[in-house]
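Presented below is the structure to which this report refers.
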Amino acid sequence: MLQFRRLPFRARLTTWYALVLAAVLLLFAAGSACVLYFQLLNQMSHFAIQDVETIEGLLFIAPDGRLSLHEDYHNHPQSRLLLERLLEIRSPDGTLLYRNDRLGNDELGGKPFAGEGVEGFSERSGRLKDGGRILLVSRYYRMHGGPVMVIRLGYRQDAIWSRMKEFLAASLVALPFFLAIAAVFGYQLARRALYPLGQMAQRAEQITAERLNQRLPVEHPGDELGHLARVFNNVLDRLELSFEQLRRFTSDASHELRTPLAAIRSVGEVGLQNSQTAAGYKDTIGSMLEEVGRLTKLVESLLAISRSDAGQVQLNLTVFSPLDLVKEVAAFFEVLTKEREQKLLISGDADLHVKGDRLLLRQAVINVLHNAVKYSPVGGAISVSVTSLTSSSVIVKIADSGPGISAEHQAKIFERFYRIDAGRTRDTGGTGLGLSIAQWAVHAQGGEIRVESSDEGAAFVMELPAFLKSS
Ligand code: ADP
């Protein structure tokens with residue numbers, strides 16, 4: 001079995017095909033043999049019945065009073081059969097009245113059984129003393145001016161069996177030939193059918209990570225192979241996109257990591273070159289720690305993104321009030337807004353509830369609110385509202401009084417590492433990851449996030465699935 005599994009697919013296919021064909025042919029031969037057997041038996045019984053009728057006409061009482069048979073039937077068309085017949089005639093009480101030479105000392109049964117041959121012809125199978133199987137036909141007969149008798153006529157079934165043997169032998173001899181021819185054709189067919197698959201495998205082998213832009217040719221779009229090629233090409237499309245994203249992400253991430261690292265290094269080097277007072281060193285260390293803080297934030301964001309990409313984040317769904325959540329996050333920014341003399345207005349309905357992961361949503365609100373604080377001018381105003389337009393969703397809107405976001409950037413700001421003004425936002429501590437993390441966090445709980453912008457500032461709208469008390 002193990003050896004069989006190691007065979008090439010087309011060889012296995014051909015073997016299965018030949019085996020199934022052999023089974024079908026054998027079944028067919030067996031079925032045909034059965035049909036042939038019953039046909040021959042039928043024919044034989046038909047002849048036997050005719051023969052019994054002939055015998056009735058040939059019987060006569062000899063001058064010595066014994067029952068006899070005219071043997072001059074050689075012109076009879078079935079005379080060959082008549083010669084082969086085994087004939088026995090008994091009176092109903094079992095007395096033997098006649099037995100032909102071919103039967104000799106053998107017999108076709110003893111005393112006739114009740115009703116034997118009375119109604120038409122009794123037909124059955126029997127055996128001779130030598131074990132030979134015979135077809136037996138009996139007929140109850142009242143001879144005109146003679147005795148009442150049961151005529152029994154038997155035919156050896158050997159002829160039928162030898163015909164059967166001939167048929168089976170011929171079938172068994174022909175079978176391997178048929179199989180050989182079918183296997184050769186089957187193998188060729190399998191080879192031709194599998195050839196395009198081999199070609200596809202060869203082409204697929206040449207596609208590496210560096211050549212992900214290559215595709216398999218779709219030669220027969222309508223059939224299974226065309227379908228396979230299309231599916232494979234679709235997988236390649238997705239792989240190429242993922243590889244591209246990964247490549248971009250890795251290069252962007254390393255670029256982002258390099259900047260604070262370079263800053264730490266240069267601040268450190270400058271600090272070491274000039275001998276300074278304790279206050280000077282403290283300053284240097286402070287600057288370095290500031291960069292380390294930025295680095296830590298970046299690494300944390302990268303970690304959050306890689307976890308989300310790997311699908312490792314398990315949602316912890318609870319029912320909570322978004323207004324409470326917004327108030328909690330606003331308290332977190334109190335020091336910063338005070339420092340920037342900004343007004344933070346919070347309004348909304350405390351009875352509105354959503355079902356989601358509170359921690360994830362908190363992260364999204366932090367990121368968006370932090371941007372609002374960062375990009376609103378000193379003395380500006382930020383408003384956060386929690387409302388609902390339909391019963392199925394709750395809307396959290398964070399609007400600021402910053403420069404706003406032009407239409408061309410609106411679609412891109414949710415992309416990773418995308419910053420409208422890289423130089424300026426780096427100064428404000430931006431990594432270009434905040435909004436992409438916020439978008440993922442909102443999407444993860446079945447919500448939507450979009451940006452609306454006007455001359456007065458930008459507004460981020462989060463639409464979250466509402467928790468209906470009855471549900
Ligand atoms: P960052 O950490 O740089 O702020 P984000 O992903 O949070 O990264 O934002 C991407 C970019 O979108 C920012 O660099 C900024 O240019 C722009 N942006 C985000 N929020 C605002 C806002 N409230 N007002 C103006 N521009 C914004």
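Just so we're on the same page: first chain in the structure tokens is A, next is B, and so on; residues restart at 1 for each chain, and ligands are numbered from 1 in the order they show up.
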Exercise. Using only C-alpha atoms, which residues sit within 12 Å of Val148 in chain A once same-chain residues fewer than 2 positions away are excluded, as a PyMOL selection string?
Worked result: chain A and resi 56+67+89-95+97+117-118+139-146+150-151
For this session: Could the residues that lie within 6 Å of ligand 1, counting only C-alpha atoms and all ligand atoms, be listed as a list in words?
Result: Asn371, Ala372, Tyr375, Gly402, Pro403, Gly404, Ile405, Ile413, Phe414, Tyr418, Arg419, Ile420, Asp421, Thr425, Gly430, Thr431, Gly432, Leu433, Gly434, Leu435, Ser436 and Ala458 of chain A
Exercise. CA of Trp440 in chain A to CA of Glu334 in chain A: how many Å, to one decimal?
Worked result: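 Straight-line distance from CA of Trp440 in chain A to CA of Glu334 in chain A works out to 25.9 Å.
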Exercise. Near Gly154 in chain A, within 10 Å and counting only C-alpha atoms, which residues show up once chain neighbours fewer than 2 positions away are dropped, as a ChimeraX atom specification?
Worked result: /A:45,48,84-88,103,107-108,123-128,133-138,152,156-157
Problem set entry | Computed interatomic separation between CA of Trp161 in chain A and CA of Leu25 in chain A (Å) |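 That distance, rounded to one decimal, is 20.9 Å.
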Exercise. What is the distance between CA of Ser321 in chain A and CA of Glu339 in chain A, in Å to one decimal?
Worked result: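 So the answer is 28.4 Å.
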For this session: Can you check which residues of range 356-395 of chain A DSSP gives as helix (DSSP H, G or I) on the backbone and send them as a PyMOL selection string?
Result: chain A and resi 358-375
For this session: Going by DSSP on the backbone, which bits of range 6-144 of chain A are strand (DSSP E or B)? Write them as a count of residues only, please.
Result: 31
For this session: Go through A:Phe332, A:Tyr98, A:Phe320, A:Phe460 one by one, measure the shortest atom-to-atom distance of each to Ile382 in chain A using only C-alpha atoms, and give the residue with the smallest value.
Result: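 The shortest atom-to-atom distance to Ile382 in chain A comes from A:Phe460.
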For this session: Identify, on the basis of only C-alpha atoms, every residue whose closest approach to Val319 in chain A does not exceed 10 Å; exclude the query and any residue fewer than 6 positions from it along the same chain; express the result as a ChimeraX atom specification.
Result: /A:353-358,466-469
Store the residues picked out above, limited to N, CA and C atoms, as a tab-separated table (two decimals), in the first residue's frame.
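Writing done, so here's part-v5.tsv:
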```
chain	number	residue	atom	x	y	z
A	353	HIS	N	-25.48	53.49	25.62
A	353	HIS	CA	-24.50	52.43	25.93
A	353	HIS	C	-24.04	51.75	24.65
A	354	VAL	N	-22.82	51.31	24.67
A	354	VAL	CA	-22.35	50.49	23.54
A	354	VAL	C	-21.82	49.17	24.09
A	355	LYS	N	-21.77	48.19	23.20
A	355	LYS	CA	-21.20	46.90	23.60
A	355	LYS	C	-19.90	46.75	22.83
A	356	GLY	N	-18.80	46.71	23.55
A	356	GLY	CA	-17.52	46.60	22.87
A	356	GLY	C	-16.40	46.39	23.86
A	357	ASP	N	-15.18	46.51	23.34
A	357	ASP	CA	-14.00	46.36	24.19
A	357	ASP	C	-13.62	47.75	24.70
A	358	ARG	N	-13.83	47.98	25.98
A	358	ARG	CA	-13.66	49.33	26.53
A	358	ARG	C	-12.21	49.80	26.41
A	466	ALA	N	-24.70	50.36	18.98
A	466	ALA	CA	-25.32	50.66	20.28
A	466	ALA	C	-25.75	49.38	20.97
A	467	PHE	N	-25.79	49.44	22.31
A	467	PHE	CA	-26.32	48.30	23.06
A	467	PHE	C	-27.77	48.61	23.38
A	468	LEU	N	-28.67	47.82	22.85
A	468	LEU	CA	-30.09	48.06	23.11
A	468	LEU	C	-30.47	47.26	24.35
A	469	LYS	N	-31.07	47.94	25.30
A	469	LYS	CA	-31.34	47.32	26.61
A	469	LYS	C	-32.13	46.00	26.48
```
For this session: Find the residues near Ser266 in chain A: any atom within 10 Å, counting only C-alpha atoms, skip ones fewer than 6 places away on the same chain, and give them as a list in words.
Result: Pro260, Leu272 and Met288 of chain A
Go ahead and dump the residues you just picked, C-alpha atoms, as a PDB file, in the first residue's frame.
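Resulting contents of part-v5.pdb:
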```pdb
ATOM      1  CA  PRO A 260      15.039  59.126  18.025  1.00  0.00           C
ATOM      2  CA  LEU A 272      30.246  63.883  26.626  1.00  0.00           C
ATOM      3  CA  MET A 288      17.831  61.869  26.125  1.00  0.00           C
TER       4      MET A 288
END
```
For this session: Skip range 230-238 of chain A itself and residues of its chain fewer than 6 positions away, then list as an MDAnalysis selection string all residues within 8 Å of it, counting only C-alpha atoms.
Result: chainID A and resid 212:213 215:216 218
Write to file, as an mmCIF file, in the first residue's frame, the residues of the selection just made, with N, CA and C atoms.
```
data_model
loop_
_atom_site.group_PDB
_atom_site.id
_atom_site.type_symbol
_atom_site.label_atom_id
_atom_site.label_comp_id
_atom_site.auth_asym_id
_atom_site.auth_seq_id
_atom_site.Cartn_x
_atom_site.Cartn_y
_atom_site.Cartn_z
ATOM 1 N N LEU A 212 7.224 38.111 -6.865
ATOM 2 C CA LEU A 212 5.807 37.896 -6.556
ATOM 3 C C LEU A 212 4.861 38.547 -7.553
ATOM 4 N N ASN A 213 5.423 39.331 -8.476
ATOM 5 C CA ASN A 213 4.553 39.993 -9.456
ATOM 6 C C ASN A 213 4.209 39.056 -10.615
ATOM 7 N N ARG A 215 2.588 35.819 -12.559
ATOM 8 C CA ARG A 215 1.300 35.125 -12.421
ATOM 9 C C ARG A 215 1.271 33.893 -13.306
ATOM 10 N N LEU A 216 0.399 32.954 -12.948
ATOM 11 C CA LEU A 216 0.242 31.759 -13.776
ATOM 12 C C LEU A 216 -0.640 32.105 -14.977
ATOM 13 N N VAL A 218 -3.652 31.757 -17.429
ATOM 14 C CA VAL A 218 -4.964 31.093 -17.348
ATOM 15 C C VAL A 218 -5.366 30.730 -18.773
#
```
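Among the candidates A:Ser171, A:Gln363, A:Ser453, A:Gln43, the one nearest to Ala399 in chain A when counting only C-alpha atoms is A:Ser453.
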